[in-house]
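Single-structure report; data block below.
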Amino acid sequence: MKEHLNQTAGVRIPDDGLPFDRREFLRLAGFTFAGAAVAGCDTARVEKAIPYLVKPEEITPGKATWYASTCAGCSAGCGILIKNRDGRPVKLEGNPEHPVSRGGLCAVGQAQVLGLYDSKRLKQPVMNGSPSDWQTLDRLILDRLKTVRTSGKAIRFLSTTVTSPTESSVIRKFLSMFGGNHVLYDPISQSAILEAHALTHGMRILPHYRFDLAEVILGVEADFLGTWLSPVEFTAAYSSGRTLEGNPPRCSHHVQIESRYSLTGTRADKRHPIMPSERVPLLMELVSLVEQKRGKTSAAGLGQAKPFLAEIAGKLWSARGKSIVVCGSNDVDSQLLTNRVNELLGNYGSTLDLQSPSYHCQSDERELQTLIEELRRGKVGALFLDGVNPVYDLPGGDDWKELLSNVTLVVRFVERIDESAQYAHFVCPKPHPLSSWSDAETVAGTISVTQPAIAPLENSRPLVESLSIWMGKTVSSLELMKEEWKTTIFPRQKTEKNFAVFWNQSVHDGFAVVAPRAHRPSRLLSSSDRKFSPSVTNDGGFQLVLYPKISMHDGRHAQNAWLQELPDPVTKIAWDNYAILSPEAAKGLGVESGDVVRLVSSDSAEPVHVEVPVWIQSGQADQVIALALGYGRKGTDRFTAIGPRWIEGRSSVGPDGLVGVNAAPLLQWKDGRLCYERGGIQIEKTGRRHALACTQTYHSLDTPPLLGQGTGDRRHFVQYASLASYTENPSAGSGPHHSSQSMWPEQHQYKGAHWGMMIDLNACTGCAACVVGCQAENNIPVVGKDEVLRNREMHWLRIDRYFMQNEDNLDVAQQPMLCQHCDNAPCETVCPVLATVHSEEGLNQQVYNRCVGTRYCANNCPYKIRRFNWFDYPRNDTKENMVLNPDVTVRSRGVMEKCSFCVQRIQEAKIAAKAEGRQVSDGAIQTACQQSCPAHAIVFGDMNDRASRIAKLIENPRSHNVLTELETRPSVGYMTMVRNRPEQSGDSSHG
Amino acid sequence: MADGISVLRSPLILGNKTATQVTEDVCGLLDRGPGREWWYALAVSATMLTMGVVAVVYQLLTGIGTWGLNNTVGWAFDITNFVFWIGIGHAGTLISAILFLFRQRWRTSVNRSAEAMTIFAVICAGIFPIIHMGRPWLAFWVIPYPNFRGPLWINFRSPLVWDMFAIGTYFTISLVFWFVGLVPDFATLRDRAVSKFRKSVYGFLSLGWDGSNRTWLRYETVYLLLAGLATPLVVSVHTIVSWDFATSVIPGWHTTIFPPYFVAGAVFSGFAMVLTLMIIARRVLHFEEYITLHHIESMSKIIIATGGIVAMAYMTELFVAFYSGNEFERFAFVNRMLGPYGWAYWIMVGCNIVTPQLLWFRRIRRNIALVFVLSILINIGMWFERFVIITISLSRDYLPASWDFYTPSLVEVATLIGSFGLFLTLFLLFIRFLPMIAIGEVKGVLSYGRKKSDDAAPPGTAHTIRVTVGSPGGPQ
């Protein structure tokens with residue numbers, strides 16, 4: 001009990017015993033009941049657990065403290081602020097001062113805090129499958145290392161991209177001491193970009209892409225707003241290039257050429273679906289077109305001429321030096337051609353920065369292949385596995401059991417037992433990034449700091465500490481990091497002379513800006529003599545595209561329930577992966593959405609097959625199948641019992657007990673790289689069905705033709721316009737105008753503040769960061785796949801996604817939909833018990849403990865944003881319950897809930913303002929969704945304050961409300977989406 | 001009206017009954033005890049009731065999620081059943097109050113059981129608004145009772161509050177009306193009772209009835225007053241129920257014609273249910289001479305009339321949707337007819353518009369088997385009418401992204417079956433323990449349509465005959 005008390009409070013209590021005050025004692029005493037269930041966590045024993053008698057200066061019970069840190073959800077390294085309440089992190093937010101991420105935080109980042117309190121985390125070191133302790137483990141590992149060294153076998157350290165300077169330096173030291181190589185690979189690899197730059201610029205380097213500087217953007221298979229490299233940074237940059245400010249309005253032109261419908265594709269001004277086999281010919285054509293513009297005679301065009309390419313080439317050329325071409329394919333030929341185009345356009349040095357490049361991806365799968373070969377030949381004596389999960393994420397992962405059996409020492413650093421850990425001799429638990437020290441340099445010159453906000457909740461040890469101990473030095477990760485900073489990072493800056501000050505400032509800010517390490521890329525080497533060939537040959541069969549889903553990445557987030565339940569921004573499906581087929585292809589095969597098919601690869605000697613359900617969606621070529629990686633992870637069987645249990649309730653996992661299906665067996669090795677495309681796929685029907693939990697049943701905005709108002713009409717609640725018509729008329733795209741005259745006196749006066757929100761549809765990408773941000777802030781339960789299938793997901797904020805056929809483009813509109821806090825709220829009048837009422841400041845408030853659950857309010861809500869607690873959603877995991885925001889009530893069964901405009905944040909700001917005797921300043925209140933938005937599409941504020949941002953935005957001609965004709969007078973407004981197109985026919989006002 | 005001598009009128013009660021025979025026919029049934037068929041019927045309905053009870057208990061313990069509802073469709077089977085049962089409850093009061101005031105004397109044979117039906121249907125209906133709540137144990141919060149919660153009060157703007165008052169009033173008045181009508185018959189039963197227990201129970205219920213002129217006079221006055229009070233309720237209850245929908249903003253709900261439309265529909269379905277039950281009861285309990293073809297015909301005619309209003313309402317709705325030019329309104333009705341639930345709409349149209357038209361034919365009206373089938377079809381059609389209005393409108397309202405489907409769960413189906421079980425069980429208990437035909441009232445119409453010489457009773461109003469009934473001397 002004592003140690004639980006300690007951990008729950010997140011404060012290590014030294015032996016000399018700090019005194020505590022009486023309040024703290026009572027509070028902690030209350031906590032012990034919750035903490036009592038935190039079984040099996042045995043960190044260092046605490047001799048004395050005496051509550052605070054004297055309050056530590058920086059801790060006020062009930063008041064949040066914030067720590068700057070770095071997100072470890074992917075390799076992008078976005079800056080975060082950790083909100084700590086009473087010693088435990090409860091919410092992550094983007095760090096607005098961070099130079100790379102600029103304040104946003106994606107869905108994955110928002111969900112990281114849940115993993116901290118995961119009771120399935122490894123609680124102590126494991127040796128040959130049974131629990132052990134660090135002393136034994138250290139001794140045995142050193143023994144075996146000695147054996148390995150004497151045997152002359154190789155030592156290898158296999159990890160994913162290491163962005164941490166401290167970590168990579170410790171690994172380097174470790175390997176130089178014991179003699180060995182560091183092999184890096186990313187399961188979602190971009191090594192072709194490095195490879196191509198090695199060929200064209202003489203350096204394995206990843207440019208820093210500057211979408212903010214680009215006026216014309218061509219994305220080729222690069223989902224840079226969703227999953228590619230650093231989506232938060234790119235989203236912020238992208239939207240800053242499309243603000244529509246000034247005259248002419250600032251708006252980049254974005255063309256996306258891709259084989260599957262990505263999140264980035266949904267935002268494109270023009271989108272062209274292609275097959276993977278068409279990409280290289282297209283890029284070659286593009287190169288020759290640009291070369292023509294440049295006056296050079298081009299090599300004979302090998303590719304098929306696509307009429308749209310000339311237009312793209314023209315646009316790119318006219319914006320040369322201010323354009324950007326990015327390619328997301330892990331194919332060297334495509335990347336070489338991309339580099340060539342960018343070079344011809346003079347984009348290097350402006351939109352592609354090689355002086356301070358990115359370090360997001362350092363993958364080199366050639367070395368990995370060498371390692372596999374070495375393993376096969378029994379040459380490796382010791383293998384350290386960190387981050388990567390080769391048994392799961394590589395093709396032929398099953399062979400690794402045999403490969404690893406030849407190795408004397410396999411050490412796995414991991415947070416949970418996974419596929420690879422089960423074959424390791426020693427498993428070293430790593431602390432959660434929120435409870436450990438680290439750093440990250442993802443873009444040269446910007447070094448982010450990760451600091452712990454809580455003591456580790458399990459008997460874990462950071463990687464760097466383990467390596468140091470095995471090198472014979474017992475040092476803490478903090479000391480290691482300080483050492484590294486003092487020696488390598490501090491000298492890279494000139495402004496601060498005192499290291500302690502520099503260090504404190506960096507930890508406080510969460511980052512340090514220093515000079516980038518010198519990179520001297522050489523001039524473009526000619527690659528014109530190279531013979532380009534498509535990565536996939538078109539043999540008339542299906543071509544498979546394997547892609548990372550926004551929530552799962554390479555599968556590392558598979559155990560995060562928030563992310564599993566997050567609907568994919570394009571398909572709107574939660575809890576599964578699926579083979580996406582075009583409607584034509586599905587018709588040809590005679591399959592429907594939900595039919596399980598077998599994908600068989602016929603191009604290799606050993607046919608690989610994977611059985612997945614089909615999802616039918618327009619927007620991709622008829623020969624293309626798109627399938628997400630990262631599913632079918634070991635450990636997802638934990639979700640079998642998630643959600644309510646009742647007679648008709650079904651499990652969230654598939655027939656094999658896992659969520660989704662692992663698609664990694666379909667990956668291919670090609671030219672020493674992982675290839676995420678594959679031709680010659682055959683589809684066989686299995687006759688089985690697997691329900692897919694899609695949160696939308698209807699996907700079109702088109703008015704049904706039978707309504708007799710002509711075809712091609714659109715419902716007008718999503719407003720959009722072309723840039724041409726917007727330039728002509730800033731209110732272009734607005735729907736039918738409804739005058740608001742009433743014979744009744746005003747119901748509400750709003751003498752003080754009148755809170756309102758504005759969502760810029762032109763900035764919003766639909767990335768769903770807000771959805772998870774809201775879930776984390778407002779204690780929204782996870783309900784499980786079956787409940788999502790029954791359309792009972794609890795997300796207060798949903799993103800409505802509509803498809804619209806506009807001439808040759810299948811457009812997508814994304815519209816975040818949340819409680820509109822109507823002035824004339826239909827829900828308020830119908831509640832028999834006054835459980836939903838209007839506040840003086842315009843909030844539509846739900847009184848949970850007054851609600852009897854008639855659901856009349858939800859029925860009468862035209863926006864259908866109310867959420868009902870159909871069951872008592874399980875909150876049995878008391879450790880996981882520590883993630884709950886103490887400021888927000890956990891709702892019980894049978895009550896209605898919905899967006900509250902983060903009323904707890906409003907209250908907090910008002911109290912702070914009142915204590916200081918001033919008005920609440922504009923921008924002091926940020927709702928959770930607004931805070932997390934990487935595109936800064938959401939603005940919240942007081943509409944009564946004439947000087948506020950929101951009041952100004954309401955005056956903007958693009959501002960509008962949804963369903964104005966109902967005279968509900970929502971407090972949530974939207975701003976028309978503008979696509980950079982010349983034609984005016986695509987405006988919503990015409991429909 | 002003449003003294004019932006007219007050759008133009010056929011008698012309301014066949015078989016040349018004397019007052020004694022009437023008492024024997026009705027009370028004898030209660031004395032003899034139930035037959036085998038009654039036990040079978042009770043077994044079936046009690047089983048249905050048990051299913052319902054199990055379902056409801058399970059739902060109360062587990063959560064309303066055991067129903068098929070979702071974020072989009074917050075009401076479906078529950079409120080459909082509620083409106084359906086409330087509608088069923090309309091015939092009773094209409095027969096006992098409105099037809100009484102209009103001096104429709106044929107009502108005497110069926111009014112007692114129709115009133116009983118009303119009570120039972122309202123009981124069935126009243127269960128649904130309570131169990132459909134997320135937290136039914138707090139259902140009393142809908143009642144404006146004095147409390148110490150400060151400003152916390154009910155929302156008088158909410159149609160659900162109006163519902164609570166409307167149904168509460170309706171149930172109370174119906175119950176009182178029914179009971180008052182039963183008092184003279186209780187006295188008859190008391191006087192015939194052999195066992196002491198029955199005597200004391202019926203004696204208590206008969207409120208000291210002594211059959212004197214004064215008693216009769218007061219009884220008549222109270223009955224008339226209650227009939228006057230109950231009459232507006234026939235209109236008000238379903239009007240208010242329809243406001244649940246009419247005052248909302250959902251296309252397909254937000255319709256001003258709902259009050260008359262709902263009332264007509266309620267009477268329509270109520271009479272269909274009365275027909276269904278009466279046709280069974282007259283056959284099984286051998287009341288063919290009391291509930292005659294004449295009754296069945298009369299009720300069929302009411303069905304034609306109200307069915308016509310309902311059909312008119314359907315067409316008005318369609319026209320207004322078309323004429324409004326409102327895209328959501330239009331869509332709601334196109335979707336109703338051709339959307340994923342189109343089959344439900346066409347069942348409704350087939351049962352509620354086509355079926356009653358057959359009743360224009362006298363031969364069909366007089367074919368009891370056919371009328372029975374038609375009445376059941378109308379019941380089905382009226383259930384679907386409510387389903388169409390409630391569920392289809394909700395499932396696709398404004399934003400297509402929030403559209404969804406609804407499929408009932410097993411628990412909901414069992415609850416619906418259970419409500420029929422409850423209704424039938426109560427009805428079976430009623431015919432076992434209470435006089436199913438209003439003895440006193442029927443005696444008053446014995447002479448109707450008969451030659452004066454056949455009638456032993458003195459001429460006069462129907463009521464004067466009753467003086468002899470239940471007099472202290474025991475049954476005649």
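Numbering starts fresh at 1 for the residues of each chain in the structure tokens, the chains themselves are lettered A, B, ... in the order given, and ligands are numbered from 1 as they appear.
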**OP:** Please run DSSP on the backbone and report, as a PyMOL selection string, all residues within range 39-179 of chain B that come out as helix (DSSP H, G or I).
**Re:** chain B and resi 39-62+64-66+77-88+90-101+105-109+111-131+136-142+159-179
**OP:** Quick one: pick out all strand (DSSP E or B) residues within range 250-339 of chain A from a backbone DSSP run and write them as a list in words.
**Re:** His253, His254, Val255, Gln256, Ile257, Glu258, Lys270, Arg271, His272, Pro273, Ser323, Ile324, Val325, Val326 and Cys327 of chain A
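Shortest atom-to-atom contact with chain B among A:Pro644, A:Pro970, A:Gly619, A:Pro665: A:Pro644, counting only C-alpha atoms.
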**OP:** Pull out every residue of chain B sitting within 7 Å of chain A, counting only C-alpha atoms, and send them as a PyMOL selection string.
**Re:** chain B and resi 62-65+70-74+132-136+138-139+141-142+153-155+157-161+248-250+330-331+394+398-404
Subject >> Straight-line distance linking CA of Lys443 in chain B with CA of Tyr223 in chain B, stated in Å to one decimal >> reply: 16.8 Å
Subject >> Nearby residues (only C-alpha atoms) at most 10 Å from Tyr547 in chain A, same-chain spacing under 3 positions excluded, as a list in words >> reply: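 Residues meeting the cut-off are Ile188, Glu221, Asp223, Thr227, Arg260, Ser262, Leu544, Ile550, His553, Asp554, Ala626, Leu627, Ala628, Leu629, Gly630, Ala663, Tyr676 and Glu677 of chain A.
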Using only C-alpha atoms, please write the residues we just selected to a file, as a JSON list (two decimals), in the first residue's frame.
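Listing of again-v4.json after writing:
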```
[["chain", "number", "residue", "atom", "x", "y", "z"],
["A", 188, "ILE", "CA", 7.07, 2.31, -42.36],
["A", 221, "GLU", "CA", 1.62, 9.00, -52.72],
["A", 223, "ASP", "CA", 0.10, 11.46, -47.10],
["A", 227, "THR", "CA", 0.92, 9.88, -41.69],
["A", 260, "ARG", "CA", -5.46, 5.19, -52.43],
["A", 262, "SER", "CA", -5.47, 9.48, -48.28],
["A", 544, "LEU", "CA", -1.83, -3.81, -53.60],
["A", 550, "ILE", "CA", -3.51, 7.55, -39.04],
["A", 553, "HIS", "CA", 1.06, 3.79, -37.62],
["A", 554, "ASP", "CA", 3.12, 0.59, -37.87],
["A", 626, "ALA", "CA", -5.44, -0.61, -50.33],
["A", 627, "LEU", "CA", -4.78, -2.34, -47.03],
["A", 628, "ALA", "CA", -3.59, -0.84, -43.75],
["A", 629, "LEU", "CA", -0.57, -2.10, -41.86],
["A", 630, "GLY", "CA", -0.37, -2.18, -38.10],
["A", 663, "ALA", "CA", -0.71, -7.21, -43.58],
["A", 676, "TYR", "CA", 4.76, -1.23, -49.82],
["A", 677, "GLU", "CA", 3.30, -2.01, -53.21]]
```
Counting only C-alpha atoms, what is within 12 Å of Lys494 in chain A, bar same-chain residues fewer than 3 positions away, as a short mmCIF file (atom, residue, chain, number, x, y, z; two decimals) with N, CA and C atoms, in the first residue's frame?
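So around.cif came out as:
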```cif
data_model
loop_
_atom_site.label_atom_id
_atom_site.label_comp_id
_atom_site.auth_asym_id
_atom_site.auth_seq_id
_atom_site.Cartn_x
_atom_site.Cartn_y
_atom_site.Cartn_z
N ILE A 489 25.66 19.41 -27.42
CA ILE A 489 24.60 20.33 -27.82
C ILE A 489 24.87 21.76 -27.37
N PHE A 490 25.30 21.87 -26.12
CA PHE A 490 25.59 23.22 -25.59
C PHE A 490 26.59 23.98 -26.47
N PRO A 491 27.64 23.30 -26.95
CA PRO A 491 28.60 24.05 -27.81
C PRO A 491 28.00 24.47 -29.14
N LYS A 497 26.03 31.33 -22.23
CA LYS A 497 27.39 30.90 -21.87
C LYS A 497 27.37 29.86 -20.74
N ASN A 498 26.35 29.92 -19.94
CA ASN A 498 26.32 29.06 -18.76
C ASN A 498 25.47 27.82 -19.05
N PHE A 499 26.08 26.65 -18.91
CA PHE A 499 25.35 25.44 -19.26
C PHE A 499 24.12 25.23 -18.39
N PHE A 502 21.39 27.29 -19.65
CA PHE A 502 20.95 26.75 -20.93
C PHE A 502 20.08 25.49 -20.72
N ALA A 512 15.50 23.23 -27.43
CA ALA A 512 16.58 24.20 -27.58
C ALA A 512 16.85 24.35 -29.06
N VAL A 513 17.09 25.57 -29.46
CA VAL A 513 17.43 25.79 -30.87
C VAL A 513 18.93 26.05 -30.93
N VAL A 514 19.59 25.20 -31.67
CA VAL A 514 21.05 25.32 -31.80
C VAL A 514 21.39 25.27 -33.28
N ALA A 515 22.66 25.41 -33.56
CA ALA A 515 23.06 25.36 -34.96
C ALA A 515 22.94 23.93 -35.47
#
```
**OP:** Find the residues near Ser259 in chain A: any atom within 7 Å, counting only C-alpha atoms, skip ones fewer than 3 places away on the same chain, and give them as a PyMOL selection string.
**Re:** chain A and resi 221+273-276+620-621+624
Since we have the selection now, will you write its residues out, keeping N, CA and C atoms, as a short mmCIF file (atom, residue, chain, number, x, y, z; two decimals), in the first residue's frame?
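Output file again.cif is given in full below:
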```cif
data_model
loop_
_atom_site.label_atom_id
_atom_site.label_comp_id
_atom_site.auth_asym_id
_atom_site.auth_seq_id
_atom_site.Cartn_x
_atom_site.Cartn_y
_atom_site.Cartn_z
N GLU A 221 1.68 10.08 -53.72
CA GLU A 221 1.62 9.00 -52.72
C GLU A 221 2.10 9.44 -51.34
N PRO A 273 -6.38 9.80 -59.15
CA PRO A 273 -6.09 8.43 -58.73
C PRO A 273 -5.29 7.70 -59.81
N ILE A 274 -4.26 7.03 -59.38
CA ILE A 274 -3.45 6.26 -60.32
C ILE A 274 -3.24 4.85 -59.77
N MET A 275 -2.64 4.02 -60.58
CA MET A 275 -2.20 2.71 -60.09
C MET A 275 -0.73 2.82 -59.74
N PRO A 276 -0.23 2.05 -58.80
CA PRO A 276 1.20 2.13 -58.46
C PRO A 276 2.09 1.94 -59.69
N GLN A 620 -10.36 5.43 -56.06
CA GLN A 620 -9.11 4.77 -56.40
C GLN A 620 -9.34 3.93 -57.66
N ALA A 621 -8.22 3.64 -58.34
CA ALA A 621 -8.32 2.91 -59.61
C ALA A 621 -8.92 1.53 -59.36
N VAL A 624 -6.75 -1.33 -57.97
CA VAL A 624 -5.97 -1.09 -56.76
C VAL A 624 -6.69 -1.66 -55.53
#
```
Subject >> Close residues, range 116-121 of chain A itself excluded, 9 Å, only C-alpha atoms, min 2 positions apart in chain, as an NGL selection string >> reply: :A and (38-39 or 89 or 112-114 or 123 or 415-417 or 429 or 431-435 or 456-458 or 559-560 or 635 or 638 or 877-883)
May I have the residues within 9 Å of Leu226 in chain B as an mmCIF file with N, CA and C atoms, in the first residue's frame, using only C-alpha atoms and disregarding those fewer than 4 positions away in the same chain?
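Dumped to part_3.cif:
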```cif
data_model
loop_
_atom_site.group_PDB
_atom_site.id
_atom_site.type_symbol
_atom_site.label_atom_id
_atom_site.label_comp_id
_atom_site.auth_asym_id
_atom_site.auth_seq_id
_atom_site.Cartn_x
_atom_site.Cartn_y
_atom_site.Cartn_z
ATOM 1 N N ALA B 97 -68.292 7.241 -23.353
ATOM 2 C CA ALA B 97 -68.641 8.637 -23.119
ATOM 3 C C ALA B 97 -69.342 9.267 -24.312
ATOM 4 N N ILE B 173 -59.654 9.212 -14.990
ATOM 5 C CA ILE B 173 -61.058 9.380 -15.360
ATOM 6 C C ILE B 173 -61.623 8.075 -15.910
ATOM 7 N N SER B 174 -60.830 7.412 -16.760
ATOM 8 C CA SER B 174 -61.312 6.153 -17.333
ATOM 9 C C SER B 174 -61.586 5.137 -16.248
ATOM 10 N N VAL B 176 -62.241 5.677 -13.043
ATOM 11 C CA VAL B 176 -63.399 6.073 -12.233
ATOM 12 C C VAL B 176 -64.694 5.793 -12.995
ATOM 13 N N PHE B 177 -64.689 6.155 -14.240
ATOM 14 C CA PHE B 177 -65.865 5.971 -15.088
ATOM 15 C C PHE B 177 -66.252 4.486 -15.142
ATOM 16 N N THR B 221 -76.805 10.630 -12.557
ATOM 17 C CA THR B 221 -76.199 11.957 -12.612
ATOM 18 C C THR B 221 -74.675 11.861 -12.707
ATOM 19 N N VAL B 222 -74.108 11.036 -11.819
ATOM 20 C CA VAL B 222 -72.645 10.888 -11.818
ATOM 21 C C VAL B 222 -72.178 10.368 -13.164
ATOM 22 N N ALA B 230 -65.202 12.920 -19.517
ATOM 23 C CA ALA B 230 -64.315 12.028 -20.264
ATOM 24 C C ALA B 230 -64.268 12.399 -21.735
ATOM 25 N N THR B 231 -65.350 13.014 -22.222
ATOM 26 C CA THR B 231 -65.412 13.290 -23.658
ATOM 27 C C THR B 231 -64.230 14.120 -24.172
#
```
